[in-house]
$ cat run18.txt   # compact mmCIF, C-alpha atoms and all ligand atoms
# COMPACT_ATOMS: atom_id res chain seq x y z
CA MET A 13 43.59 -20.94 184.85
CA ASP A 14 47.12 -22.29 185.31
CA ALA A 15 46.76 -26.07 185.76
CA SER A 16 50.46 -26.37 186.61
CA ALA A 17 49.36 -25.29 190.12
CA LEU A 18 48.46 -28.95 190.64
CA PHE A 19 52.10 -29.96 190.16
CA LYS A 20 52.66 -28.64 193.69
CA PHE A 21 50.28 -31.20 195.20
CA SER A 22 52.43 -33.78 197.02
CA SER A 23 51.97 -37.48 196.36
CA GLY A 24 53.89 -40.72 196.17
CA LEU A 25 54.03 -43.52 193.64
CA TYR A 26 52.36 -46.88 194.19
CA VAL A 27 51.87 -50.20 192.41
CA VAL A 28 48.24 -51.33 192.66
CA SER A 29 47.65 -55.00 191.84
CA ALA A 30 44.68 -57.35 191.70
CA ASP A 31 44.33 -61.07 191.06
CA ASP A 32 40.75 -61.82 189.97
CA GLY A 33 41.28 -65.58 190.09
CA GLU A 34 41.90 -65.81 186.35
CA ARG A 35 44.87 -63.47 185.99
CA THR A 36 46.85 -60.69 187.61
CA ALA A 37 46.82 -57.02 186.65
CA ALA A 38 48.93 -54.21 188.06
CA CYS A 39 49.73 -50.60 187.30
CA LEU A 40 51.61 -47.59 188.63
CA VAL A 41 49.50 -44.87 190.27
CA ASN A 42 50.13 -41.68 192.18
CA THR A 43 46.67 -41.74 193.76
CA GLY A 44 47.17 -43.90 196.87
CA LEU A 45 45.80 -42.23 200.01
CA GLN A 46 45.00 -43.16 203.58
CA VAL A 47 41.31 -42.34 204.09
CA THR A 48 40.63 -43.25 207.75
CA SER A 49 42.44 -45.00 210.60
CA SER A 50 39.47 -46.65 212.34
CA PRO A 51 38.64 -48.66 210.38
CA LEU A 52 41.93 -48.51 208.49
CA GLN A 53 40.97 -47.55 204.95
CA VAL A 54 42.87 -46.41 201.86
CA SER A 55 41.76 -45.25 198.44
CA VAL A 56 43.23 -45.56 194.97
CA THR A 57 41.97 -43.95 191.76
CA VAL A 58 42.39 -45.91 188.52
CA ASN A 59 41.61 -45.00 184.91
CA LYS A 60 38.72 -47.04 183.47
CA GLU A 61 40.82 -47.83 180.38
CA ASN A 62 43.55 -49.43 182.46
CA PHE A 63 43.26 -53.21 182.56
CA THR A 64 43.84 -53.05 186.31
CA CYS A 65 40.56 -51.16 186.86
CA GLY A 66 38.42 -54.09 185.68
CA ALA A 67 40.62 -56.55 187.55
CA ILE A 68 40.00 -54.73 190.86
CA GLU A 69 36.25 -54.61 190.13
CA ARG A 70 36.16 -58.34 189.39
CA ALA A 71 38.41 -59.31 192.30
CA GLY A 72 36.87 -57.07 195.00
CA HIS A 73 40.31 -56.64 196.53
CA PHE A 74 43.72 -55.15 195.73
CA SER A 75 47.23 -54.64 197.04
CA LEU A 76 48.95 -51.26 197.10
CA ALA A 77 52.76 -51.15 197.37
CA VAL A 78 54.68 -47.96 198.12
CA VAL A 79 57.39 -47.51 195.46
CA ASP A 80 60.75 -46.52 196.96
CA GLU A 81 63.68 -44.44 195.66
CA SER A 82 65.57 -47.55 194.48
CA ALA A 83 63.09 -47.92 191.60
CA ASP A 84 64.47 -47.08 188.15
CA MET A 85 62.75 -46.24 184.88
CA LEU A 86 62.72 -49.95 183.90
CA PHE A 87 60.53 -50.65 186.95
CA VAL A 88 58.39 -47.56 186.24
CA GLY A 89 58.04 -48.59 182.59
CA ARG A 90 57.01 -52.13 183.47
CA PHE A 91 54.12 -50.99 185.68
CA GLY A 92 53.35 -47.54 184.26
CA PHE A 93 53.79 -47.73 180.50
CA ARG A 94 52.75 -51.28 179.57
CA THR A 95 49.39 -53.00 179.90
CA SER A 96 48.52 -56.20 181.76
CA ALA A 97 46.15 -57.00 178.88
CA ASP A 98 49.04 -58.63 177.00
CA TYR A 99 51.88 -58.76 179.53
CA ASP A 100 52.46 -60.37 182.93
CA LYS A 101 54.05 -57.50 184.86
CA TYR A 102 55.23 -59.84 187.62
CA ASP A 103 57.09 -62.17 185.26
CA GLY A 104 60.82 -62.07 186.07
CA ILE A 105 60.74 -59.85 189.17
CA ALA A 106 60.72 -60.63 192.89
CA SER A 107 57.21 -60.62 194.32
CA ALA A 108 55.11 -61.83 197.22
CA VAL A 109 51.40 -62.46 197.74
CA ALA A 110 49.24 -60.62 200.29
CA ALA A 111 46.49 -62.18 202.44
CA THR A 112 43.93 -61.06 199.84
CA GLY A 113 45.69 -63.17 197.16
CA ASP A 114 47.01 -60.11 195.33
CA PRO A 115 50.72 -59.92 194.44
CA TYR A 116 53.00 -56.99 195.24
CA PRO A 117 56.61 -56.21 194.26
CA ALA A 118 59.16 -57.51 196.78
CA GLU A 119 61.83 -55.10 195.51
CA HIS A 120 61.73 -51.33 194.84
CA ALA A 121 58.83 -51.08 197.32
CA CYS A 122 59.25 -50.09 200.98
CA SER A 123 55.83 -51.16 202.28
CA PHE A 124 52.48 -52.55 201.17
CA VAL A 125 48.86 -52.82 202.23
CA ALA A 126 46.17 -55.16 200.94
CA CYS A 127 42.48 -54.36 201.05
CA ASN A 128 38.97 -55.57 200.45
CA VAL A 129 37.00 -53.05 198.37
CA VAL A 130 34.23 -51.48 200.50
CA GLN A 131 33.16 -48.61 198.21
CA THR A 132 33.62 -47.54 194.61
CA LEU A 133 33.06 -44.05 193.26
CA ASP A 134 32.68 -43.34 189.54
CA VAL A 135 34.58 -40.10 188.94
CA GLY A 136 34.22 -39.97 185.14
CA THR A 137 37.43 -41.10 183.44
CA HIS A 138 38.51 -42.94 186.62
CA VAL A 139 37.10 -45.10 189.42
CA THR A 140 38.04 -44.43 193.03
CA PHE A 141 38.20 -47.62 195.08
CA VAL A 142 38.04 -47.40 198.88
CA GLY A 143 39.47 -50.47 200.57
CA GLU A 144 39.57 -51.71 204.13
CA VAL A 145 43.11 -52.81 204.99
CA VAL A 146 43.35 -56.48 205.98
CA ASP A 147 47.11 -57.00 205.51
CA ALA A 148 50.12 -54.66 205.69
CA GLY A 149 53.86 -54.76 206.15
CA ASN A 150 57.19 -52.95 205.79
CA LEU A 151 59.60 -54.19 203.12
CA SER A 152 62.66 -51.91 203.31
CA ASP A 153 64.09 -48.76 204.91
CA VAL A 154 64.58 -47.05 201.54
CA PRO A 155 62.63 -43.74 201.46
CA PRO A 156 59.32 -43.73 199.55
CA MET A 157 59.52 -42.13 196.12
CA THR A 158 57.60 -38.86 195.89
CA TYR A 159 56.12 -37.65 192.64
CA ALA A 160 58.51 -34.66 192.89
CA TYR A 161 61.49 -37.08 193.04
CA TYR A 162 60.07 -38.96 190.04
CA HIS A 163 59.89 -35.77 188.00
CA GLY A 164 63.05 -34.09 189.31
CA THR A 165 65.54 -36.95 189.76
CA LEU A 166 64.27 -39.73 187.47
CA LYS A 167 63.11 -37.14 184.89
CA GLY A 168 59.91 -39.19 184.52
CA LYS A 169 56.86 -38.11 182.54
CA THR A 170 53.12 -38.24 183.33
CA PRO A 171 51.12 -40.31 180.82
CA PRO A 172 47.55 -39.36 179.77
CA LYS A 173 45.87 -42.06 181.91
CA ALA A 174 47.34 -40.70 185.15
CA SER A 175 44.86 -38.70 187.26
CA SER A 176 47.44 -35.90 187.42
CA TYR A 177 47.82 -35.53 183.63
CA VAL A 178 47.12 -31.95 182.60
CA GLY A 179 47.36 -32.02 178.82
CA GLY A 180 50.89 -32.02 177.53
CA ILE A 181 52.35 -29.50 179.99
CA ARG A 182 54.77 -32.04 181.37
C1 LIG B 201 54.12 -41.64 187.03
C2 LIG B 201 52.84 -42.32 186.64
C3 LIG B 201 51.68 -42.11 187.36
C4 LIG B 201 50.49 -42.74 187.01
N1 LIG B 201 49.36 -42.52 187.76
C5 LIG B 201 48.21 -43.17 187.45
C6 LIG B 201 47.05 -43.02 188.26
O1 LIG B 201 47.06 -42.36 189.30
N2 LIG B 201 45.92 -43.70 187.89
C7 LIG B 201 45.88 -44.49 186.77
O2 LIG B 201 44.84 -45.08 186.48
N3 LIG B 201 46.97 -44.64 185.97
C8 LIG B 201 48.13 -44.00 186.29
N4 LIG B 201 49.24 -44.17 185.51
C9 LIG B 201 49.12 -44.90 184.23
C10 LIG B 201 49.12 -46.41 184.36
O3 LIG B 201 50.16 -46.87 185.21
C11 LIG B 201 49.32 -47.00 182.94
O4 LIG B 201 48.24 -46.59 182.12
C12 LIG B 201 49.48 -48.52 182.91
O5 LIG B 201 50.10 -48.88 181.69
C13 LIG B 201 48.16 -49.27 183.04
O6 LIG B 201 48.43 -50.65 183.06
P1 LIG B 201 47.25 -51.74 182.98
O7 LIG B 201 46.58 -51.60 181.64
O8 LIG B 201 47.97 -53.04 183.13
O9 LIG B 201 46.31 -51.48 184.10
C14 LIG B 201 50.46 -43.58 185.88
C15 LIG B 201 51.64 -43.85 185.16
C16 LIG B 201 52.82 -43.21 185.52
C17 LIG B 201 54.08 -43.49 184.73

$ encode --input "run18.txt" --output "C-alpha cells" --more "lines below"
Ligand SMILES: Cc1cc2nc3c(=O)[nH]c(=O)nc-3n(C[C@H](O)[C@H](O)[C@H](O)COP(=O)(O)O)c2cc1C
Amino acid sequence: MDASALFKFSSGLYVVSADDGERTAACLVNTGLQVTSSPLQVSVTVNKENFTCGAIERAGHFSLAVVDESADMLFVGRFGFRTSADYDKYDGIASAVAATGDPYPAEHACSFVACNVVQTLDVGTHVTFVGEVVDAGNLSDVPPMTYAYYHGTLKGKTPPKASSYVGGIR
C-alpha cells in the first residue's frame, strides 16, 4: 500500500477554537468540512491529545476559521505547533468573538463559521465533531489556503497529531 496516495486528497487549513468559559483553546486543522446545507452543518476532526479537543467537548460549541494565503509560518506555528495547555494562542493577534462566544482570528482568515456541537463520533485517535452553524461571515477576499499550497509554497510539514499524518513520509 502506498499511503502517499492520500496526499492527493484536497483540503484546506482551518483554525478551530473553543472557549469553555474558563479558557480558550485553538488549533490548526485540515479536517474542516461542510456536511449538509439544510440544516447547515460542518464537521471538524481533532486529535484527543490536543488541548482543543477537550475544550470543544466541555464548551459544546466551536468556531472554525478558514486560513487564507496571507498566513505565514509564524501564524501556522502559533496554532499548529504549540499547545493551548500553556499558551494563549490569541495573545497579541487580532481576533473577534463569534455568537457562540468562541474567538477566531481576524487576520490571515478569509471567513469563519461558529457552531453548536450536535454530534460527536469517536474515531480512535481523534474525535469528529459535527456542528450546526449559528454564525458565519466573510473576512477578506484573499484566497483560502489549500493543503497543497501549504506543502508546495510555504514548504510546511504535517505533524503526527494531524489526521493526514502518514508516518514520516512528509
Ligand atoms: C498543517 C497542519 C495540519 C494539522 N491538522 C490537524 C488536524 O486535522 N487535526 C488535529 O487534531 N490536529 C491537527 N494539527 C495539529 C494541531 O494543530 C497541533 O497538535 C496543535 O499544537 C494542537 O494545539 P492544542 O494542544 O492547543 O489543541 C495540524 C497541524 C498542522 C501544522

$ residues_around --input "run18.txt" --residues "region 69-80 of chain A" --least-positions-apart "5" --cutoff "7 Å" --atoms "only C-alpha atoms" --output "list in words"
Leu25, Tyr26, Val27, Val28, Ser29, Ala30, Asp31, Asp32, Thr112, Asp114, Pro115, Tyr116, His120, Ala121, Cys122, Ser123, Phe124, Val125, Ala126, Cys127, Asn128, Val129, Val154, Pro155, Pro156 and Met157 of chain A

$ closest_atom_pairs --input "run18.txt" --of "chain A" --to "ligand LIG 201 (chain B)" --cutoff "6 Å" --atoms "all atoms listed in the file" --output "CSV"
residue,atom,partner,partner_atom,distance
A:Ala37,CA,B:LIG201,O8,5.4
A:Ala38,CA,B:LIG201,O8,5.2
A:Cys39,CA,B:LIG201,O3,4.3
A:Leu40,CA,B:LIG201,O3,3.8
A:Val41,CA,B:LIG201,N1,3.4
A:Asn42,CA,B:LIG201,O1,4.3
A:Thr43,CA,B:LIG201,O1,4.5
A:Thr57,CA,B:LIG201,N2,5.5
A:Val58,CA,B:LIG201,O2,3.3
A:Asn59,CA,B:LIG201,O2,3.6
A:Asn62,CA,B:LIG201,O9,3.8
A:Phe63,CA,B:LIG201,O7,3.8
A:Thr64,CA,B:LIG201,O9,3.7
A:Phe91,CA,B:LIG201,O3,5.7
A:Gly92,CA,B:LIG201,O3,3.4
A:Phe93,CA,B:LIG201,O5,4.0
A:Arg94,CA,B:LIG201,O5,4.2
A:Thr95,CA,B:LIG201,O8,3.5
A:Ser96,CA,B:LIG201,O8,3.5
A:Thr170,CA,B:LIG201,C1,5.1
A:Pro171,CA,B:LIG201,C15,5.6
A:Lys173,CA,B:LIG201,C9,4.9
A:Ala174,CA,B:LIG201,C5,3.5
A:Ser175,CA,B:LIG201,O1,4.7

$ write_last_selection --input "run18.txt" --atoms "C-alpha atoms" --output "short mmCIF file (atom, residue, chain, number, x, y, z; two decimals), in the coordinates of the input"
data_model
loop_
_atom_site.label_atom_id
_atom_site.label_comp_id
_atom_site.auth_asym_id
_atom_site.auth_seq_id
_atom_site.Cartn_x
_atom_site.Cartn_y
_atom_site.Cartn_z
CA ALA A 37 46.82 -57.02 186.65
CA ALA A 38 48.93 -54.21 188.06
CA CYS A 39 49.73 -50.60 187.30
CA LEU A 40 51.61 -47.59 188.63
CA VAL A 41 49.50 -44.87 190.27
CA ASN A 42 50.13 -41.68 192.18
CA THR A 43 46.67 -41.74 193.76
CA THR A 57 41.97 -43.95 191.76
CA VAL A 58 42.39 -45.91 188.52
CA ASN A 59 41.61 -45.00 184.91
CA ASN A 62 43.55 -49.43 182.46
CA PHE A 63 43.26 -53.21 182.56
CA THR A 64 43.84 -53.05 186.31
CA PHE A 91 54.12 -50.99 185.68
CA GLY A 92 53.35 -47.54 184.26
CA PHE A 93 53.79 -47.73 180.50
CA ARG A 94 52.75 -51.28 179.57
CA THR A 95 49.39 -53.00 179.90
CA SER A 96 48.52 -56.20 181.76
CA THR A 170 53.12 -38.24 183.33
CA PRO A 171 51.12 -40.31 180.82
CA LYS A 173 45.87 -42.06 181.91
CA ALA A 174 47.34 -40.70 185.15
CA SER A 175 44.86 -38.70 187.26
#

$ atom_distance --input "run18.txt" --atom1 "CA of Pro117 (chain A)" --atom2 "CA of Asp84 (chain A)"
13.5 Å

$ atom_distance --input "run18.txt" --atom1 "CA of Met85 (chain A)" --atom2 "CA of Asp100 (chain A)"
17.6 Å

$ atom_distance --input "run18.txt" --atom1 "CA of Gln53 (chain A)" --atom2 "CA of Gly136 (chain A)"
22.3 Å

$ closest_residue --input "run18.txt" --among "A:Val56, A:Ala83, A:Leu166, A:Ile105" --to "Val135 (chain A)" --atoms "all atoms listed in the file"
A:Val56

$ closest_residue --input "run18.txt" --among "A:Asp147, A:Glu119, A:Glu61, A:Glu81" --to "Ala97 (chain A)" --atoms "all atoms listed in the file"
A:Glu61

$ closest_residue --input "run18.txt" --among "A:Tyr177, A:Asp153, A:Ser23, A:Ala108" --to "Gln46 (chain A)" --atoms "all atoms listed in the file"
A:Ser23

$ residues_around --input "run18.txt" --residues "Phe21 (chain A)" --least-positions-apart "4" --cutoff "10 Å" --atoms "all atoms listed in the file" --output "list in words"
Ser16, Ala17, Tyr159, Ala160 and Ser176 of chain A

$ closest_residue --input "run18.txt" --among "A:Ala15, A:Leu151, A:Leu45, A:Val145" --to "Ala118 (chain A)" --atoms "only C-alpha atoms"
A:Leu151

$ closest_residue --input "run18.txt" --among "A:Ala106, A:Val130, A:Val139, A:Leu18" --to "Val54 (chain A)" --atoms "only C-alpha atoms"
A:Val130

$ closest_residue --input "run18.txt" --among "A:Tyr162, A:Gly104, A:Ser55, A:Ala110" --to "Ala148 (chain A)" --atoms "all atoms listed in the file"
A:Ala110
